[in-house]
Amino acid sequence: MTVSFGLNFSAGVFFAPVAEDYGVGAGTLAVAAALSTAVTGAAQPLVGVLLDRNGAKRVIVAALLLLSASYLALGAARGAGQFVAAYVVLGGLGFAGSSSLAVSTLIARAEGDRAAPALARAAIGINLGQLVVPWAAAGLFGPLGTRGTYVAIGAAGLAATAVLAATVPTDRQVAAVPGASGPSGASKASGVSLAAGGAGPGLPKRQSLRGRGRILAAFGLHAATLYAMVLLLPKHAVELGWSAAAGGSLVAVAAAAAAVSSAVSARLVGRTAPERLLPVMHVLRATSLVLAAAAPDAWLLVVAAVLFGAASFTVIPLTMAIVTRGLDPARLGRTLAPAWIVHQGSAGLGLALAAAGHAATGGYRAYFAAGVGLSLLAAVLTSTTESATRTAARTTASTAPLASTASIS
């Protein structure tokens, strides 16, 4: 997660020097970023199939190679066309295969219904990536220049990928025993390796997310404000009087708070069900958005960044722990792909609405205020989800031999 999200979130650090050194306009960079996000979202179904056929480790390693190679290609790019192609195709596909869907699948297969603490610990990698890689890139611009920095970070990504390829274990706990379930409702597993891909005989090619509609709706509401807050809070601070550098520091503040929160939640979920923690996180997110919308000056945004970072990134592993409960490990990739399509689509819609609101009102207060309502609705949805998701998990496990559709209701 550190390598994947670090490389992905570093892209924005390069925009200003790229516009100057490559002659690529700000509009072209914005289009490239939008297209890369679209490619990442559109690729989720394919990534899900590859995860089930080839195993999460192979997909993650291959995707990190693509993502690292995108930096090397960007360092050698000549002209806007080559730059956009490398950013959109290599970067978009690389992030699609190495981010949350793949990592959630890898951990859920290994941990089963006890995946929540491991998912929370993995989320710390997102925050480390946000802290370390962008800062390293900014520090390298002076001695190496823009192209040299691209190459250096790409090479570091390749080295880190080589280490991961040698140390990350192959997916295990895959082939479910049809019709058998443990006390928690999860299907038992035989420990068969996914190195050759595939699943045990008699398993359905698809399984359903039926019964998880409320938790997935809350996941979409979370995404609608997640990217908008992270990307737009610095600009909001600048509009309230801070410098661009000071506004950008809010992202680091949120990342540090998120790292601490992820570490704490990794311990809490060992004693407390994720369903009980999620509503609390959404209420905290609503509080941070109230502060962002009402802040008379930028200093109050520091508190907003702390609360938002601490609550927002923890929502992802907690949600995945609930959604994956009771699902057949061999089919997790294809089953979880729709959840991430919802997440990416909601994030894109949220950014578009925030931009439209800014064009209409000259600021982001209106969207942050609307985000309060979205977060409170998510809190309501998750507060009523515990019994429904546990019932859905038992139903999924007990009907493993039966084919079903990948519907969300």
# chains A, B, ... in the order shown; residues from 1 in each chain; ligands from 1

$ residues_around --residues "Tyr71 in chain A" --least-positions-apart "4" --cutoff "7 Å" --atoms "only C-alpha atoms" --output "tab-separated table (two decimals) with C-alpha atoms, in the first residue's frame"
chain	number	residue	atom	x	y	z
A	75	GLY	CA	11.05	10.65	-17.11
A	150	TYR	CA	10.75	10.64	-12.09
A	151	VAL	CA	13.49	8.12	-12.85
A	153	ILE	CA	11.28	7.32	-7.80
A	154	GLY	CA	10.48	4.81	-10.54

$ residues_around --residues "range 283-290 of chain A" --least-positions-apart "2" --cutoff "12 Å" --atoms "only C-alpha atoms" --output "PyMOL selection string"
chain A and resi 221-223+225-226+228-230+233+254+277-281+292-296+300-315+364-383

$ closest_residue --among "A:Thr319, A:Asn127, A:Ser98, A:Ser262" --to "Glu275 in chain A" --atoms "only C-alpha atoms"
A:Thr319

$ select_by_dssp --residues "range 126-359 of chain A" --states "strand (DSSP E or B)" --output "PyMOL selection string"
chain A and resi 176-181+187-189

$ select_by_dssp --residues "range 196-291 of chain A" --states "alpha helix (DSSP H)" --output "NGL selection string"
:A and (213-239 or 244-268 or 274-291)

$ atom_distance --atom1 "CA of Ile107 in chain A" --atom2 "CA of Val269 in chain A"
15.1 Å

$ atom_distance --atom1 "CA of Met320 in chain A" --atom2 "CA of Phe219 in chain A"
9.5 Å

$ atom_distance --atom1 "CA of Ala356 in chain A" --atom2 "CA of Leu7 in chain A"
28.3 Å

$ closest_residue --among "A:Thr146, A:Leu158, A:Ala347, A:Ala102" --to "Asn54 in chain A" --atoms "only C-alpha atoms"
A:Ala102

$ residues_around --residues "Leu231 in chain A" --least-positions-apart "3" --cutoff "12 Å" --atoms "only C-alpha atoms" --output "short mmCIF file (atom, residue, chain, number, x, y, z; two decimals) with all heavy atoms, in the first residue's frame"
data_model
loop_
_atom_site.label_atom_id
_atom_site.label_comp_id
_atom_site.auth_asym_id
_atom_site.auth_seq_id
_atom_site.Cartn_x
_atom_site.Cartn_y
_atom_site.Cartn_z
N PHE A 9 -0.18 9.09 -5.22
CA PHE A 9 -0.40 10.41 -4.63
C PHE A 9 0.73 11.39 -4.94
O PHE A 9 0.57 12.60 -4.76
CB PHE A 9 -0.57 10.30 -3.12
CG PHE A 9 -1.89 9.72 -2.70
CD1 PHE A 9 -2.03 9.08 -1.48
CD2 PHE A 9 -3.00 9.81 -3.52
CE1 PHE A 9 -3.25 8.54 -1.09
CE2 PHE A 9 -4.22 9.29 -3.14
CZ PHE A 9 -4.35 8.65 -1.92
N GLY A 12 0.55 14.52 -8.14
CA GLY A 12 0.22 15.94 -8.04
C GLY A 12 1.41 16.81 -7.72
O GLY A 12 1.46 17.99 -8.11
N VAL A 13 2.41 16.26 -7.00
CA VAL A 13 3.60 17.03 -6.66
C VAL A 13 4.35 17.45 -7.91
O VAL A 13 5.01 18.49 -7.95
CB VAL A 13 4.51 16.20 -5.73
CG1 VAL A 13 5.79 16.95 -5.39
CG2 VAL A 13 3.76 15.82 -4.45
N THR A 225 -16.97 12.22 -0.42
CA THR A 225 -16.29 13.33 0.26
C THR A 225 -14.81 13.06 0.50
O THR A 225 -14.06 14.00 0.78
CB THR A 225 -16.97 13.63 1.61
OG1 THR A 225 -17.05 12.42 2.39
CG2 THR A 225 -18.37 14.19 1.41
N LEU A 226 -14.37 11.81 0.40
CA LEU A 226 -12.97 11.48 0.70
C LEU A 226 -12.01 12.22 -0.21
O LEU A 226 -11.15 12.98 0.24
CB LEU A 226 -12.76 9.96 0.59
CG LEU A 226 -11.32 9.49 0.76
CD1 LEU A 226 -10.82 9.80 2.17
CD2 LEU A 226 -11.20 7.99 0.48
N TYR A 227 -12.13 11.99 -1.52
CA TYR A 227 -11.19 12.60 -2.46
C TYR A 227 -11.37 14.11 -2.52
O TYR A 227 -10.39 14.86 -2.63
CB TYR A 227 -11.37 11.99 -3.85
CG TYR A 227 -10.82 10.59 -3.96
CD1 TYR A 227 -11.60 9.49 -3.63
CD2 TYR A 227 -9.52 10.37 -4.39
CE1 TYR A 227 -11.11 8.20 -3.72
CE2 TYR A 227 -9.01 9.09 -4.47
CZ TYR A 227 -9.80 8.01 -4.14
OH TYR A 227 -9.30 6.73 -4.22
N ALA A 228 -12.61 14.56 -2.43
CA ALA A 228 -12.86 16.00 -2.48
C ALA A 228 -12.19 16.71 -1.30
O ALA A 228 -11.57 17.76 -1.47
CB ALA A 228 -14.37 16.26 -2.48
N PRO A 234 -6.53 21.80 0.86
CA PRO A 234 -5.42 22.76 0.74
C PRO A 234 -5.82 24.04 -0.01
O PRO A 234 -5.46 25.15 0.40
CB PRO A 234 -4.34 21.97 -0.02
CG PRO A 234 -4.62 20.54 0.32
CD PRO A 234 -6.12 20.46 0.37
N LYS A 235 -6.57 23.89 -1.10
CA LYS A 235 -7.00 25.07 -1.85
C LYS A 235 -7.97 25.91 -1.03
O LYS A 235 -7.95 27.15 -1.09
CB LYS A 235 -7.65 24.64 -3.16
CG LYS A 235 -7.98 25.82 -4.09
CD LYS A 235 -8.51 25.34 -5.43
CE LYS A 235 -8.82 26.54 -6.33
NZ LYS A 235 -9.38 26.11 -7.64
N HIS A 236 -8.81 25.24 -0.27
CA HIS A 236 -9.73 25.95 0.62
C HIS A 236 -8.95 26.79 1.63
O HIS A 236 -9.31 27.94 1.92
CB HIS A 236 -10.63 24.94 1.32
CG HIS A 236 -11.70 25.53 2.18
ND1 HIS A 236 -12.54 26.54 1.75
CD2 HIS A 236 -12.08 25.25 3.46
CE1 HIS A 236 -13.39 26.86 2.71
NE2 HIS A 236 -13.13 26.09 3.76
N ALA A 237 -7.85 26.23 2.15
CA ALA A 237 -7.01 26.96 3.10
C ALA A 237 -6.37 28.18 2.44
O ALA A 237 -6.27 29.26 3.04
CB ALA A 237 -5.94 26.04 3.67
N GLY A 247 -1.04 25.36 3.02
CA GLY A 247 -2.25 24.61 2.71
C GLY A 247 -1.95 23.15 2.40
O GLY A 247 -2.66 22.24 2.84
N GLY A 248 -0.87 22.92 1.66
CA GLY A 248 -0.49 21.55 1.34
C GLY A 248 -0.12 20.73 2.55
O GLY A 248 -0.26 19.50 2.56
N SER A 249 0.35 21.40 3.62
CA SER A 249 0.72 20.67 4.83
C SER A 249 -0.47 20.01 5.50
O SER A 249 -0.31 19.08 6.29
CB SER A 249 1.41 21.61 5.82
OG SER A 249 0.50 22.57 6.32
N LEU A 250 -1.68 20.47 5.18
CA LEU A 250 -2.87 19.85 5.77
C LEU A 250 -3.01 18.39 5.35
O LEU A 250 -3.54 17.57 6.11
CB LEU A 250 -4.13 20.63 5.36
CG LEU A 250 -4.26 22.03 5.96
CD1 LEU A 250 -5.47 22.75 5.35
CD2 LEU A 250 -4.41 21.96 7.48
N VAL A 251 -2.55 18.06 4.14
CA VAL A 251 -2.60 16.66 3.68
C VAL A 251 -1.70 15.80 4.56
O VAL A 251 -2.06 14.68 4.95
CB VAL A 251 -2.18 16.56 2.20
CG1 VAL A 251 -2.14 15.10 1.75
CG2 VAL A 251 -3.14 17.35 1.34
N ALA A 252 -0.50 16.31 4.90
CA ALA A 252 0.41 15.58 5.77
C ALA A 252 -0.18 15.43 7.16
O ALA A 252 -0.05 14.37 7.80
CB ALA A 252 1.76 16.28 5.84
N ALA A 254 -3.38 15.28 7.92
CA ALA A 254 -4.42 14.25 7.82
C ALA A 254 -3.81 12.86 7.73
O ALA A 254 -4.31 11.90 8.34
CB ALA A 254 -5.31 14.52 6.61
N ALA A 305 -8.62 18.68 9.53
CA ALA A 305 -7.75 17.71 8.87
C ALA A 305 -7.44 16.53 9.79
O ALA A 305 -7.40 15.37 9.36
CB ALA A 305 -6.45 18.38 8.41
N ALA A 347 -16.47 8.79 -5.90
CA ALA A 347 -15.39 9.76 -5.72
C ALA A 347 -15.34 10.74 -6.88
O ALA A 347 -15.21 11.96 -6.68
CB ALA A 347 -14.05 9.04 -5.58
N GLY A 348 -15.45 10.23 -8.10
CA GLY A 348 -15.44 11.10 -9.26
C GLY A 348 -16.63 12.05 -9.28
O GLY A 348 -16.48 13.24 -9.59
N GLY A 350 -18.29 13.10 -6.66
CA GLY A 350 -18.08 14.08 -5.61
C GLY A 350 -17.16 15.21 -6.04
O GLY A 350 -17.42 16.39 -5.77
N LEU A 351 -16.07 14.86 -6.72
CA LEU A 351 -15.14 15.89 -7.21
C LEU A 351 -15.82 16.80 -8.23
O LEU A 351 -15.62 18.02 -8.22
CB LEU A 351 -13.92 15.23 -7.83
CG LEU A 351 -12.90 14.66 -6.83
CD1 LEU A 351 -11.88 13.80 -7.55
CD2 LEU A 351 -12.19 15.79 -6.08
N ALA A 354 -18.16 19.12 -6.37
CA ALA A 354 -17.40 20.13 -5.64
C ALA A 354 -16.89 21.21 -6.58
O ALA A 354 -16.93 22.41 -6.25
CB ALA A 354 -16.24 19.48 -4.90
N ALA A 355 -16.40 20.80 -7.77
CA ALA A 355 -15.93 21.77 -8.75
C ALA A 355 -17.07 22.65 -9.25
O ALA A 355 -16.91 23.88 -9.40
CB ALA A 355 -15.27 21.05 -9.93
N TYR A 364 -15.69 26.31 -1.50
CA TYR A 364 -16.06 24.90 -1.28
C TYR A 364 -16.95 24.72 -0.05
O TYR A 364 -17.28 23.58 0.31
CB TYR A 364 -14.79 24.05 -1.11
CG TYR A 364 -13.95 23.98 -2.36
CD1 TYR A 364 -12.70 24.59 -2.40
CD2 TYR A 364 -14.40 23.32 -3.49
CE1 TYR A 364 -11.92 24.54 -3.54
CE2 TYR A 364 -13.63 23.25 -4.64
CZ TYR A 364 -12.39 23.87 -4.66
OH TYR A 364 -11.61 23.82 -5.79
#

$ closest_residue --among "A:Leu268, A:Leu349, A:Val253, A:Leu119" --to "Thr37 in chain A" --atoms "only C-alpha atoms"
A:Leu349

$ closest_residue --among "A:Asp297, A:Val61, A:Ala224, A:His282" --to "Trp242 in chain A" --atoms "only C-alpha atoms"
A:Asp297

$ closest_residue --among "A:Gly48, A:Ser10, A:Ala77, A:Gly213" --to "Ala138 in chain A" --atoms "only C-alpha atoms"
A:Ser10

$ residues_around --residues "range 1-6 of chain A" --least-positions-apart "4" --cutoff "9 Å" --atoms "only C-alpha atoms" --output "PyMOL selection string"
chain A and resi 10-11+63-64+67-68+94-95+98-100+103+122-134+157+160-161
